[in-house]
Protein chains: 2
Amino acid sequence: MKNSNNKPAILETGTDNFGECPLPITGHETVQLAHGSGGKMMNQLIDRLFLWAFDNEKLNQLDDQAVLSIKGGRLAFSTDSFVIDPIFFPGGDIGELAVNGTVNDVSMCGAKPLYLSAGFIIEEGFPLIDLKRIVISMGEAAAKAGVKIVTGDTKVVNKGQCDKVFINTAGIGLLEGDYEISSHNLQPGDNLLVNGSVADHGMAVLSRREGLAFDMPIESDTAALNGLVSQLLQAGGDAIHAMRDPTRGGLAATLNEFAINSNVGIKIAQTRVPLKPEVAGACEILGLDPFYVANEGKLVVAVAEERTQAVLAAMQAHELGADAAIIGKVVAEDNGRVHVQTRIGAWRILDMLVGEQLPRIC
Amino acid sequence: MKNSNNKPAILETGTDNFGECPLPITGHETVQLAHGSGGKMMNQLIDRLFLWAFDNEKLNQLDDQAVLSIKGGRLAFSTDSFVIDPIFFPGGDIGELAVNGTVNDVSMCGAKPLYLSAGFIIEEGFPLIDLKRIVISMGEAAAKAGVKIVTGDTKVVNKGQCDKVFINTAGIGLLEGDYEISSHNLQPGDNLLVNGSVADHGMAVLSRREGLAFDMPIESDTAALNGLVSQLLQAGGDAIHAMRDPTRGGLAATLNEFAINSNVGIKIAQTRVPLKPEVAGACEILGLDPFYVANEGKLVVAVAEERTQAVLAAMQAHELGADAAIIGKVVAEDNGRVHVQTRIGAWRILDMLVGEQLPRIC
């Protein structure tokens with residue numbers, strides 16, 4: 001394990017598959033909050049460092065889960081660490097979020113999530129009653145999603161060396177159909193659907209964090225989407241080309257990843273994107289664009305024209321899809337770019353987030 | 001996801017499968033460093049909270065990995081978070097450790113590790129050159145162990161909200177034989193073998209942390225054990241009843257878990273346990289018992305008498321087992337207890353660690 005290291009020599013010369021040496025990776029010498037934003041800087045860090053060092057075709061797909069062939073079956077495997085602040089927020093808590101988040105990442109390739117791991121990093125002095133509340137919440141979320149937490153790990157660090165509690169979950173799911181659902185698989189002509197209103201989670205967390213009170217309280221949309229996904233697959237079959245849950249970086253990040261990974265253009269109508277009035281109001285007060293705000297119970301689906309109405313109907317029939325809508329279309333022009341038609345009919349480019357908007361949102 | 005919560009009511013009444021209500025879980029109201037020690041308090045937290053809330057037969061096994069039947073095959077699944085301080089230490093770094101640690105946990109049931117996930121929690125302001133060094137180290141460790149890092153996640157928290165970098169890895173492996181290797185499977189008459197000297201990792205980290213310099217520098221033993229395990233399985237077959245890597249809590253924790261989970265007694269000869277003179281010296285100076293100090297490249301194997309010599313020979317023939325030794329025996333008396341014969345021939349009980357000895361050792 002020692003001194004077998006010859007990669008740095010190559011690195012220092014500044015030549016590798018990604019062109020320039022990964023350092024400075026993003027024009028910075030230290031890690032910035034924006035490196036974890038779900039936006040451009042995070043993608044640069046992933047491209048220029050992680051993909052370079054871990055290079056393999058599964059990781060290089062850059063989907064939120066890896067699809068692995070083992071013993072003739074296909075498994076989905078995904079992980080997420082949760083560092084949300086506050087740990088209890090309107091509509092949920094870090095434990096429920098940690099279960100739902102990984103259930104959703106596993107589901108987005110069409111897999112049925114089965115098993116989770118849970119790794120806790122806890123600050124010394126953290127109240128056990130809060131830990132109990134979080135762990136009960138995880139157990140209930142797992143039961144509701146139909147998955148089992150089968151292995152885990154607990155680390156405790158000295159007071160001040162982490163903030164309360166961080167939770168990592170990894171998940172395994174089984175791909176039962178021969179779906180090829182991936183951010184690389186969008187086709188011009190596909191319609192883009194979302195299962196409900198955007199920006200609820202981010203604004204619920206932010207309003208709690210900032211101590212803001214609104215007439216209509218905003219609740220996180222945290223939910224396990226695997227039941228909904230199963231209905232969508234029945235309705236859409238292989239006409240479903242891509243699915244993703246627009247978490248960090250919001251709808252904008254997901255749509256841009258779709259456009260870039262599939263090398264297509266995407267056109268969205270702003271007025272078609274469901275947005276609760278109270279969330280729109282909070283965004284306006286805080287100067288935030290809801291397209292960049294995190295969701296935790298939403299998915300964006302790209303589906304071929306001929307199955308679009310069936311998939312929309314399946315969404316609307318599900319408790320997590322009552323407000324589902326067709327929000328836009330995949331086109332064969334302006335590849336790699338997302339355009340939004342604003343309320344007044346003008347078009348603007350919806351780029352990825354460049355800096356950091358809301359640290360510790362999930 | 002809301003208000004479907006009926007478990008707390010049961011909890012508050014103080015009746016559940018684990019007898020007393022989990023609170024106070026361990027006589028404390030807040031999380032103590034000892035809750036992450038690998039010793040008694042961690043086991044109480046796991047028994048009284050995690051097993052209670054997540055209750056399922058896989059987790060209840062309390063092995064370091066879950067064995068899952070999927071599509072007719074059997075998979076091993078494990079996770080660990082790494083919070084070691086310092087992140088660079090003699091003989092390794094947090095990245096290499098994070099890969100090897102999970103490779104080892106997956107291997108200990110006889111599975112062949114295949115895929116890892118990697119979740120990073122990084123402190124804002126962390127030097128990118130250090131991150132690069134860690135990530136390169138992970139890539140190399142994965143290549144050396146023959147596993148692929150196929151999915152990942154990056155979170156960045158504000159400066160001061162975590163200490164430098166924490167890494168979670170989860171791993172999936174394939175069980176190719178019909179082994180039933182588990183801490184529940186030790187049999188009276190089994191011999192206990194270890195593949196080399198104990199306490200190297202803990203003392204390497206501690207001496208770096210405390211700024212101690214010794215004439216003979218102490219290096220961590222961090223290594224992926226899957227290659228060695230494969231050789232042991234060839235030599236021992238189903239005569240291998242249990243394997244575990246004695247990390248946090250050291251040899252004492254592993255032997256006690258063996259004795260408790262299999263309801264057997266364990267007798268160890270102190271003079272048989274390999275210990276480097278420089279490590280013994282450092283332990284003496286710092287007042288530490290090497291049986292409680294963490295290892296990261298060691299495994300303890302329980303093997304039936306008739307295959308013991310074959311397994312020992314296979315260990316000694318491997319680069320990670322040159323100093324392998326038979327250290328003791330499983331007996332049908334004093335069930336649940338570990339006894340050590342000291343240098344002068346007396347017997348003492350080797351209990352689990354009660355408090356915390358070395359926080360952030362892995």
# chains A, B, ... in the order shown; residues from 1 in each chain; ligands from 1
$ residues_around --residues "B:Ile361" --least-positions-apart "6" --cutoff "9 Å" --atoms "only C-alpha atoms" --output "PDB file with C-alpha atoms, in the first residue's frame"
ATOM      1  CA  PHE B  82     -13.781   7.361   8.300  1.00  0.00           C
ATOM      2  CA  VAL B  83     -13.056  10.333  10.536  1.00  0.00           C
ATOM      3  CA  ILE B  84      -9.420   9.587  11.342  1.00  0.00           C
ATOM      4  CA  ASP B  85      -7.243  12.393  12.684  1.00  0.00           C
ATOM      5  CA  PRO B  86      -4.628  13.070  11.367  1.00  0.00           C
ATOM      6  CA  HIS B 201      -2.379   1.148  13.204  1.00  0.00           C
ATOM      7  CA  GLY B 202      -3.539   2.694  16.452  1.00  0.00           C
ATOM      8  CA  VAL B 205      -1.845   7.274  14.428  1.00  0.00           C
ATOM      9  CA  LEU B 206      -1.469   8.084  18.082  1.00  0.00           C
ATOM     10  CA  THR B 247     -10.292  -2.459  14.063  1.00  0.00           C
ATOM     11  CA  ARG B 248     -11.813  -0.109  16.717  1.00  0.00           C
ATOM     12  CA  ALA B 294      -7.000  -0.684  16.463  1.00  0.00           C
TER      13      ALA B 294
END
$ closest_atom_pairs --of "chain A" --to "chain B" --cutoff "7 Å" --atoms "only C-alpha atoms" --output "tab-separated table"
residue	atom	partner	partner_atom	distance
A:Met1	CA	B:Ala223	CA	6.4
A:Lys2	CA	B:Gly91	CA	6.8
A:Glu29	CA	B:Leu128	CA	5.6
A:Thr30	CA	B:Pro127	CA	4.2
A:Val31	CA	B:Gly125	CA	4.9
A:Gln32	CA	B:Glu124	CA	5.2
A:Leu33	CA	B:Val156	CA	5.4
A:His35	CA	B:Val156	CA	6.7
A:Gly36	CA	B:Lys155	CA	4.8
A:Leu49	CA	B:Lys132	CA	6.8
A:Phe50	CA	B:Val135	CA	6.9
A:Ala53	CA	B:Gly139	CA	5.4
A:Phe54	CA	B:Gly139	CA	5.0
A:Lys58	CA	B:Val150	CA	5.4
A:Leu59	CA	B:Val150	CA	4.4
A:Gln65	CA	B:Thr151	CA	6.1
A:Ala66	CA	B:Thr151	CA	5.8
A:Lys71	CA	B:Gly73	CA	6.7
A:Gly73	CA	B:Lys71	CA	6.7
A:Ser78	CA	B:Thr151	CA	5.9
A:Thr79	CA	B:Gly152	CA	5.9
A:Asp80	CA	B:Asp153	CA	5.4
A:Ser81	CA	B:Gly119	CA	6.0
A:Gly91	CA	B:Lys2	CA	7.0
A:Ser117	CA	B:Thr79	CA	6.3
A:Gly119	CA	B:Ser81	CA	6.0
A:Glu124	CA	B:Gln32	CA	5.2
A:Gly125	CA	B:Thr30	CA	4.9
A:Phe126	CA	B:Val31	CA	5.1
A:Pro127	CA	B:Thr30	CA	4.2
A:Leu128	CA	B:Thr30	CA	4.9
A:Lys132	CA	B:Leu49	CA	6.8
A:Val135	CA	B:Ala53	CA	6.4
A:Ile136	CA	B:Ala53	CA	5.4
A:Gly139	CA	B:Phe54	CA	5.0
A:Ala141	CA	B:Met1	CA	6.8
A:Ile149	CA	B:Phe54	CA	6.2
A:Val150	CA	B:Leu59	CA	4.4
A:Thr151	CA	B:Leu59	CA	5.6
A:Gly152	CA	B:Thr79	CA	5.9
A:Asp153	CA	B:Asp80	CA	5.4
A:Thr154	CA	B:Gly36	CA	5.8
A:Lys155	CA	B:Gly36	CA	4.8
A:Val156	CA	B:Gly36	CA	4.8
A:Val157	CA	B:Arg360	CA	6.4
A:Asn158	CA	B:Leu33	CA	6.8
A:Gln161	CA	B:Asp163	CA	5.0
A:Cys162	CA	B:Cys162	CA	4.0
A:Asp163	CA	B:Gln161	CA	5.0
A:Asn168	CA	B:Asn168	CA	7.0
A:Ala170	CA	B:Ala170	CA	6.5
A:Ala223	CA	B:Met1	CA	6.3
A:Pro359	CA	B:Val157	CA	6.8
A:Arg360	CA	B:Val157	CA	6.4
$ residues_around --residues "A:Leu255" --least-positions-apart "6" --cutoff "9 Å" --atoms "only C-alpha atoms" --output "MDAnalysis selection string"
chainID A and resid 246 266 300 337:338 350 352
$ select_by_dssp --residues "stretch 15-139 of chain B" --states "strand (DSSP E or B)" --output "PyMOL selection string"
chain B and resi 16+19+30+66-70+73-82+88-89+92-93+112-123+127
$ atom_distance --atom1 "atom CA of B:Asp289" --atom2 "atom CA of B:Asn195"
19.2 Å
$ closest_residue --among "B:Asn295, B:Ser182, B:Gln357, B:Gln44" --to "B:Asp245" --atoms "only C-alpha atoms"
B:Asn295
$ residues_around --residues "B:Leu353" --least-positions-apart "3" --cutoff "7 Å" --atoms "only C-alpha atoms" --output "list of chain:residue names"
B:Gly39, B:Lys40, B:Gly249, B:Tyr292
$ write_last_selection --atoms "all heavy atoms" --output "PDB file, in the first residue's frame"
ATOM      1  N   GLY B  39     -16.428  -0.373  21.742  1.00  0.00           N
ATOM      2  CA  GLY B  39     -16.511  -1.121  23.001  1.00  0.00           C
ATOM      3  C   GLY B  39     -17.941  -1.274  23.484  1.00  0.00           C
ATOM      4  O   GLY B  39     -18.895  -1.262  22.700  1.00  0.00           O
ATOM      5  N   LYS B  40     -18.082  -1.416  24.790  1.00  0.00           N
ATOM      6  CA  LYS B  40     -19.375  -1.738  25.386  1.00  0.00           C
ATOM      7  C   LYS B  40     -20.447  -0.708  25.119  1.00  0.00           C
ATOM      8  O   LYS B  40     -21.584  -1.031  24.810  1.00  0.00           O
ATOM      9  CB  LYS B  40     -19.210  -1.878  26.909  1.00  0.00           C
ATOM     10  CG  LYS B  40     -18.760  -3.253  27.306  1.00  0.00           C
ATOM     11  CD  LYS B  40     -18.934  -3.478  28.809  1.00  0.00           C
ATOM     12  CE  LYS B  40     -18.503  -4.909  29.123  1.00  0.00           C
ATOM     13  NZ  LYS B  40     -18.454  -5.185  30.559  1.00  0.00           N
ATOM     14  N   GLY B 249     -11.473  -0.836  18.983  1.00  0.00           N
ATOM     15  CA  GLY B 249     -11.661  -1.752  20.114  1.00  0.00           C
ATOM     16  C   GLY B 249     -10.657  -2.891  20.092  1.00  0.00           C
ATOM     17  O   GLY B 249     -10.573  -3.652  21.058  1.00  0.00           O
ATOM     18  N   TYR B 292      -6.363  -3.618  22.967  1.00  0.00           N
ATOM     19  CA  TYR B 292      -7.496  -2.712  22.731  1.00  0.00           C
ATOM     20  C   TYR B 292      -7.223  -1.711  21.605  1.00  0.00           C
ATOM     21  O   TYR B 292      -8.056  -0.872  21.305  1.00  0.00           O
ATOM     22  CB  TYR B 292      -7.833  -1.947  24.021  1.00  0.00           C
ATOM     23  CG  TYR B 292      -8.373  -2.844  25.102  1.00  0.00           C
ATOM     24  CD1 TYR B 292      -7.541  -3.400  26.060  1.00  0.00           C
ATOM     25  CD2 TYR B 292      -9.733  -3.163  25.145  1.00  0.00           C
ATOM     26  CE1 TYR B 292      -8.037  -4.245  27.045  1.00  0.00           C
ATOM     27  CE2 TYR B 292     -10.232  -4.004  26.128  1.00  0.00           C
ATOM     28  CZ  TYR B 292      -9.386  -4.546  27.075  1.00  0.00           C
ATOM     29  OH  TYR B 292      -9.881  -5.380  28.031  1.00  0.00           O
TER      30      TYR B 292
END
$ select_by_dssp --residues "stretch 3-136 of chain B" --states "helix (DSSP H, G or I)" --output "ChimeraX atom specification"
/B:7-12,33-36,40-54,57-60,94-107,128-136
$ residues_around --residues "A:Gly189" --least-positions-apart "2" --cutoff "10 Å" --atoms "only C-alpha atoms" --output "PyMOL selection string"
chain A and resi 186-187+191-192+266+302-306+329-332
$ atom_distance --atom1 "atom CA of B:Ser197" --atom2 "atom CA of B:Leu275"
4.6 Å
$ residues_around --residues "B:Ala313" --least-positions-apart "2" --cutoff "10 Å" --atoms "only C-alpha atoms" --output "ChimeraX atom specification"
/B:232,235,308-311,315-318,321-322,324-325
$ closest_residue --among "B:Arg272, B:Lys298, B:Arg244, B:Arg343" --to "B:Asn256" --atoms "only C-alpha atoms"
B:Arg244
